[in-house]
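J.: Pasting run-v6.csv below, which is CSV, C-alpha atoms.
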```
chain,number,residue,atom,x,y,z
A,352,MET,CA,15.8,-17.8,-14.5
A,353,GLU,CA,16.9,-21.4,-14.9
A,354,THR,CA,18.0,-20.8,-18.5
A,355,TRP,CA,20.6,-18.3,-17.4
A,356,CYS,CA,24.0,-19.3,-16.1
A,357,PRO,CA,24.5,-18.3,-12.4
A,358,ILE,CA,26.9,-15.5,-13.1
A,359,ALA,CA,24.5,-13.8,-15.6
A,360,SER,CA,21.7,-14.4,-13.1
A,361,ASP,CA,23.6,-12.6,-10.4
A,362,LEU,CA,24.5,-9.7,-12.7
A,363,ILE,CA,20.8,-9.3,-13.8
A,364,THR,CA,19.5,-9.4,-10.2
A,365,ALA,CA,22.3,-7.4,-8.6
A,366,PRO,CA,20.5,-4.1,-8.8
A,367,MET,CA,17.5,-5.6,-6.9
A,368,VAL,CA,17.1,-5.2,-3.2
A,369,PRO,CA,17.5,-8.7,-1.6
A,370,LYS,CA,14.0,-8.7,-0.2
A,371,THR,CA,12.6,-7.9,-3.6
A,372,LYS,CA,14.7,-10.7,-5.2
A,373,ARG,CA,13.4,-13.2,-2.6
A,374,MET,CA,9.8,-12.0,-3.1
A,375,TYR,CA,10.1,-12.3,-6.9
A,376,GLU,CA,11.6,-15.8,-6.7
A,377,SER,CA,9.0,-17.0,-4.3
A,378,ALA,CA,6.2,-15.5,-6.4
A,379,TRP,CA,7.6,-17.1,-9.5
A,380,GLN,CA,7.7,-20.5,-7.9
A,381,ILE,CA,4.1,-20.2,-6.9
A,382,TYR,CA,3.2,-19.0,-10.4
A,383,ASP,CA,5.3,-21.7,-12.1
A,384,ALA,CA,3.9,-24.5,-10.0
A,385,SER,CA,0.4,-23.6,-11.2
A,386,PHE,CA,1.2,-24.7,-14.7
A,387,ASP,CA,1.7,-28.1,-16.3
A,388,SER,CA,5.4,-28.4,-17.1
A,389,ARG,CA,4.6,-29.4,-20.7
A,390,VAL,CA,2.9,-26.1,-21.6
A,391,GLU,CA,5.7,-23.6,-21.5
A,392,ALA,CA,4.0,-21.1,-23.9
A,393,GLU,CA,1.0,-20.8,-21.5
A,394,ARG,CA,3.2,-19.3,-18.8
A,395,PHE,CA,3.7,-16.0,-20.7
A,396,HIS,CA,0.3,-15.9,-22.3
A,397,PRO,CA,-2.4,-13.5,-20.9
A,398,GLU,CA,-4.8,-16.5,-20.6
A,399,GLY,CA,-2.3,-18.3,-18.4
A,400,VAL,CA,-2.0,-15.2,-16.2
A,401,LEU,CA,-5.9,-14.9,-16.0
A,402,LYS,CA,-6.1,-18.5,-14.9
A,403,PHE,CA,-3.5,-17.8,-12.2
A,404,LEU,CA,-5.5,-14.7,-11.1
A,405,LEU,CA,-8.6,-16.8,-10.8
A,406,GLN,CA,-6.8,-19.5,-8.8
A,407,GLN,CA,-5.4,-16.8,-6.4
A,408,ARG,CA,-8.8,-15.2,-6.0
A,409,GLU,CA,-10.5,-18.5,-5.3
A,410,GLY,CA,-7.7,-19.3,-2.9
A,411,GLY,CA,-8.6,-16.2,-0.9
A,412,LYS,CA,-5.3,-14.3,-1.7
A,413,SER,CA,-5.2,-10.6,-1.3
A,414,LEU,CA,-5.2,-8.2,-4.3
A,415,HIS,CA,-2.0,-6.7,-2.9
A,416,LEU,CA,-0.2,-10.0,-2.9
A,417,VAL,CA,-1.4,-10.7,-6.5
A,418,ARG,CA,-0.1,-7.4,-7.7
A,419,ARG,CA,3.3,-8.2,-6.3
A,420,GLN,CA,3.1,-11.6,-8.0
A,421,LEU,CA,2.3,-9.8,-11.3
A,422,SER,CA,5.4,-7.7,-10.8
A,423,ALA,CA,7.4,-10.9,-10.6
A,424,ILE,CA,5.8,-12.3,-13.6
A,425,ALA,CA,6.6,-9.1,-15.6
A,426,PHE,CA,10.2,-9.3,-14.4
A,427,PHE,CA,10.6,-12.9,-15.5
A,428,ALA,CA,8.8,-12.3,-18.8
A,429,GLY,CA,11.4,-9.6,-19.5
A,430,LEU,CA,14.2,-12.0,-18.7
A,431,LYS,CA,12.7,-14.5,-21.2
A,432,GLY,CA,12.4,-11.8,-23.8
A,433,VAL,CA,8.7,-12.0,-24.2
A,434,LEU,CA,6.0,-9.4,-23.8
A,435,ASP,CA,4.7,-8.8,-20.3
A,436,PRO,CA,1.4,-10.7,-20.1
A,437,SER,CA,0.4,-8.6,-17.1
A,438,LYS,CA,0.0,-5.6,-19.3
A,439,ASP,CA,-2.6,-7.3,-21.5
A,440,LEU,CA,-5.9,-5.5,-21.5
A,441,MET,CA,-7.9,-8.4,-20.2
A,442,VAL,CA,-5.4,-9.0,-17.3
A,443,ARG,CA,-5.5,-5.3,-16.4
A,444,ARG,CA,-9.3,-5.2,-16.6
A,445,ALA,CA,-9.5,-8.4,-14.4
A,446,ILE,CA,-7.4,-6.6,-11.8
A,447,MET,CA,-9.6,-3.5,-12.0
A,448,GLY,CA,-12.7,-5.7,-11.6
A,449,TRP,CA,-11.2,-7.5,-8.6
A,450,GLU,CA,-10.4,-4.2,-7.0
A,451,ARG,CA,-13.9,-2.9,-7.6
A,452,MET,CA,-15.5,-6.1,-6.2
A,453,THR,CA,-13.4,-6.1,-3.1
A,454,SER,CA,-15.2,-4.3,-0.3
A,455,PRO,CA,-13.2,-1.4,1.0
A,456,LYS,CA,-11.9,-1.8,4.6
A,457,GLU,CA,-13.6,0.3,7.2
A,458,ASP,CA,-11.6,3.4,8.1
A,459,ALA,CA,-10.0,2.7,11.4
A,460,ARG,CA,-9.1,6.3,12.0
A,461,ARG,CA,-11.2,8.1,14.5
A,462,LEU,CA,-12.4,11.6,14.1
A,463,ILE,CA,-11.0,14.1,16.5
A,464,ALA,CA,-13.9,15.5,18.6
A,465,ALA,CA,-13.6,18.2,21.2
A,466,ALA,CA,-13.7,15.5,24.0
A,467,ARG,CA,-10.9,13.5,22.4
A,468,LEU,CA,-8.8,16.7,21.9
A,469,ALA,CA,-9.3,17.4,25.6
A,470,GLN,CA,-8.0,13.8,26.4
A,471,LEU,CA,-4.9,14.4,24.2
A,472,VAL,CA,-4.2,17.7,26.0
A,473,THR,CA,-4.4,16.0,29.4
A,474,ILE,CA,-2.0,13.3,28.2
A,475,LEU,CA,0.4,16.0,27.2
A,476,VAL,CA,1.0,16.9,30.8
A,477,ARG,CA,2.6,13.5,31.4
A,478,VAL,CA,4.5,13.3,28.1
A,479,CYS,CA,6.0,16.8,27.7
A,480,SER,CA,9.3,17.6,29.4
A,481,SER,CA,8.7,21.3,30.0
A,482,PRO,CA,5.8,23.8,30.4
A,483,TYR,CA,6.9,25.4,27.1
A,484,GLU,CA,6.7,22.1,25.3
A,485,PHE,CA,3.3,21.5,26.8
A,486,SER,CA,2.0,24.9,25.7
A,487,LEU,CA,3.5,24.5,22.2
A,488,PHE,CA,1.8,21.1,21.6
A,489,ARG,CA,-1.5,22.2,23.2
A,490,PHE,CA,-1.6,25.2,20.9
A,491,THR,CA,-0.6,23.1,17.8
A,492,TYR,CA,-3.2,20.4,18.5
A,493,SER,CA,-5.9,23.0,19.1
A,494,LEU,CA,-5.1,25.0,16.0
A,495,ALA,CA,-5.1,21.8,13.9
A,496,PHE,CA,-8.4,20.8,15.3
A,497,LEU,CA,-10.0,24.1,14.6
A,498,VAL,CA,-8.7,24.3,11.1
A,499,HIS,CA,-9.7,20.7,10.3
A,500,SER,CA,-13.2,21.1,11.8
A,501,GLY,CA,-13.8,24.3,9.9
A,502,TRP,CA,-14.1,26.6,12.9
A,503,LEU,CA,-11.0,28.5,11.8
A,504,ALA,CA,-10.5,29.4,8.2
A,505,TRP,CA,-7.0,30.5,7.0
A,506,GLY,CA,-8.3,33.9,5.8
A,507,GLN,CA,-9.9,35.0,9.1
A,508,GLY,CA,-6.7,36.2,10.6
A,509,LEU,CA,-5.9,36.9,14.3
A,510,SER,CA,-9.4,38.2,15.2
A,511,CYS,CA,-10.6,34.6,15.2
A,512,LEU,CA,-7.8,33.5,17.5
A,513,MET,CA,-9.6,35.3,20.3
A,514,SER,CA,-12.8,33.3,19.8
A,515,SER,CA,-14.2,31.5,22.8
A,516,SER,CA,-13.8,28.1,21.3
A,517,LEU,CA,-10.1,28.4,20.9
A,518,ILE,CA,-9.6,29.9,24.4
A,519,VAL,CA,-11.7,27.0,25.9
A,520,LEU,CA,-9.7,24.4,24.0
A,521,CYS,CA,-6.3,26.0,24.6
A,522,VAL,CA,-6.7,26.8,28.3
```
For this file, write the structure as structure tokens.
T.:
Amino acid sequence: METWCPIASDLITAPMVPKTKRMYESAWQIYDASFDSRVEAERFHPEGVLKFLLQQREGGKSLHLVRRQLSAIAFFAGLKGVLDPSKDLMVRRAIMGWERMTSPKEDARRLIAAARLAQLVTILVRVCSSPYEFSLFRFTYSLAFLVHSGWLAWGQGLSCLMSSSLIVLCV
């Protein structure tokens, strides 16, 4: 944004949340520093963005960070009045390839087993402020467990509420 006077710069960035503005400026400085100052046209060319992507990937940067940096590049390209290089087919395909090549993180969520549900219910005794609140949460947790695990289908009605598994878990 060096080409704009400070007043125009403030007007253009005024609708932005300050955190986004800082992030865009930081991302732009990183992106801008990756180019030789003599080659201005390369900054807004898809090949320049691809080179930057490769540098970031080789540097071990996360895909999430690079996507935020691409948003900043798109913003500054709009300010310069040029087409957004991050929307180029090759850049989009490179991002898709990076995403596909990145191994998915292991799901840290744990399945709720009957034993874990029993632990949750015993903790409720210490957390709840009244017997009514305890009963309400115990029933809600048990019902959610039964629906999620497939023991209780929505169409089965009240007859299933008297099944032994619910009584064991709710009592």
J.: Please, what distance in Å, to one decimal, runs between CA of Phe488 in chain A and CA of Leu475 in chain A?
T.: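 Between CA of Phe488 in chain A and CA of Leu475 in chain A the gap is 7.7 Å.
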J.: Kindly give the distance, in Å, that separates CA of Ile446 in chain A and CA of Leu414 in chain A, rounded to a single decimal.
T.: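 Separation between CA of Ile446 in chain A and CA of Leu414 in chain A: 8.0 Å.
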J.: One decimal, in Å: what's the spacing between CA of Val442 in chain A and CA of Asp458 in chain A?
T.: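 Distance reported for this atom pair: 28.9 Å.
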J.: Let me make sure I understand: among A:Trp449, A:Phe395, A:Tyr483, A:Phe386, which one has the smallest atom-to-atom distance to Phe426 in chain A if we use all atoms listed in the file?
T.: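 Closest residue, counting all atoms listed in the file: A:Phe395.
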J.: Please enclose the listed atoms of range 482-494 of chain A in an axis-aligned box, pad each side by 4 Å, and write out the centre and the three edge lengths in Å, rounded to one decimal, as lines of an AutoDock Vina configuration file.
T.:
```
center_x = 0.5
center_y = 22.9
center_z = 23.2
size_x = 20.8
size_y = 13.0
size_z = 22.4
```
J.: So that I can check the surroundings of Leu404 in chain A, please list as a PyMOL selection string every protein, DNA and RNA residue that reaches within 12 Å of it, counting all atoms listed in the file and ignoring chain neighbours fewer than 5 positions away.
T.: chain A and resi 381-382+385+397-399+409-421+424+437+441-449
J.: I need the chosen residues saved as a PDB file, in the frame of the given file, with C-alpha atoms.
T.:
```pdb
ATOM      1  CA  ILE A 381       4.100 -20.200  -6.900  1.00  0.00           C
ATOM      2  CA  TYR A 382       3.200 -19.000 -10.400  1.00  0.00           C
ATOM      3  CA  SER A 385       0.400 -23.600 -11.200  1.00  0.00           C
ATOM      4  CA  PRO A 397      -2.400 -13.500 -20.900  1.00  0.00           C
ATOM      5  CA  GLU A 398      -4.800 -16.500 -20.600  1.00  0.00           C
ATOM      6  CA  GLY A 399      -2.300 -18.300 -18.400  1.00  0.00           C
ATOM      7  CA  GLU A 409     -10.500 -18.500  -5.300  1.00  0.00           C
ATOM      8  CA  GLY A 410      -7.700 -19.300  -2.900  1.00  0.00           C
ATOM      9  CA  GLY A 411      -8.600 -16.200  -0.900  1.00  0.00           C
ATOM     10  CA  LYS A 412      -5.300 -14.300  -1.700  1.00  0.00           C
ATOM     11  CA  SER A 413      -5.200 -10.600  -1.300  1.00  0.00           C
ATOM     12  CA  LEU A 414      -5.200  -8.200  -4.300  1.00  0.00           C
ATOM     13  CA  HIS A 415      -2.000  -6.700  -2.900  1.00  0.00           C
ATOM     14  CA  LEU A 416      -0.200 -10.000  -2.900  1.00  0.00           C
ATOM     15  CA  VAL A 417      -1.400 -10.700  -6.500  1.00  0.00           C
ATOM     16  CA  ARG A 418      -0.100  -7.400  -7.700  1.00  0.00           C
ATOM     17  CA  ARG A 419       3.300  -8.200  -6.300  1.00  0.00           C
ATOM     18  CA  GLN A 420       3.100 -11.600  -8.000  1.00  0.00           C
ATOM     19  CA  LEU A 421       2.300  -9.800 -11.300  1.00  0.00           C
ATOM     20  CA  ILE A 424       5.800 -12.300 -13.600  1.00  0.00           C
ATOM     21  CA  SER A 437       0.400  -8.600 -17.100  1.00  0.00           C
ATOM     22  CA  MET A 441      -7.900  -8.400 -20.200  1.00  0.00           C
ATOM     23  CA  VAL A 442      -5.400  -9.000 -17.300  1.00  0.00           C
ATOM     24  CA  ARG A 443      -5.500  -5.300 -16.400  1.00  0.00           C
ATOM     25  CA  ARG A 444      -9.300  -5.200 -16.600  1.00  0.00           C
ATOM     26  CA  ALA A 445      -9.500  -8.400 -14.400  1.00  0.00           C
ATOM     27  CA  ILE A 446      -7.400  -6.600 -11.800  1.00  0.00           C
ATOM     28  CA  MET A 447      -9.600  -3.500 -12.000  1.00  0.00           C
ATOM     29  CA  GLY A 448     -12.700  -5.700 -11.600  1.00  0.00           C
ATOM     30  CA  TRP A 449     -11.200  -7.500  -8.600  1.00  0.00           C
TER      31      TRP A 449
END
```
J.: At most 12 Å from (10.7, -12.6, -13.8), file frame, only C-alpha atoms: which residues, as a count of residues only?
T.: 41
J.: For Leu468 in chain A, which residue out of A:Ser481, A:Glu450, A:Leu487, A:Leu497 is the nearest one, using only C-alpha atoms?
T.: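 Ranking A:Ser481, A:Glu450, A:Leu487, A:Leu497 by distance to Leu468 in chain A, first place goes to A:Leu497.
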J.: Using all atoms listed in the file, which of A:Arg408, A:Phe496, A:Asp361, A:Lys438 sits nearest Ala466 in chain A?
T.: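 Ranking A:Arg408, A:Phe496, A:Asp361, A:Lys438 by distance to Ala466 in chain A, first place goes to A:Phe496.
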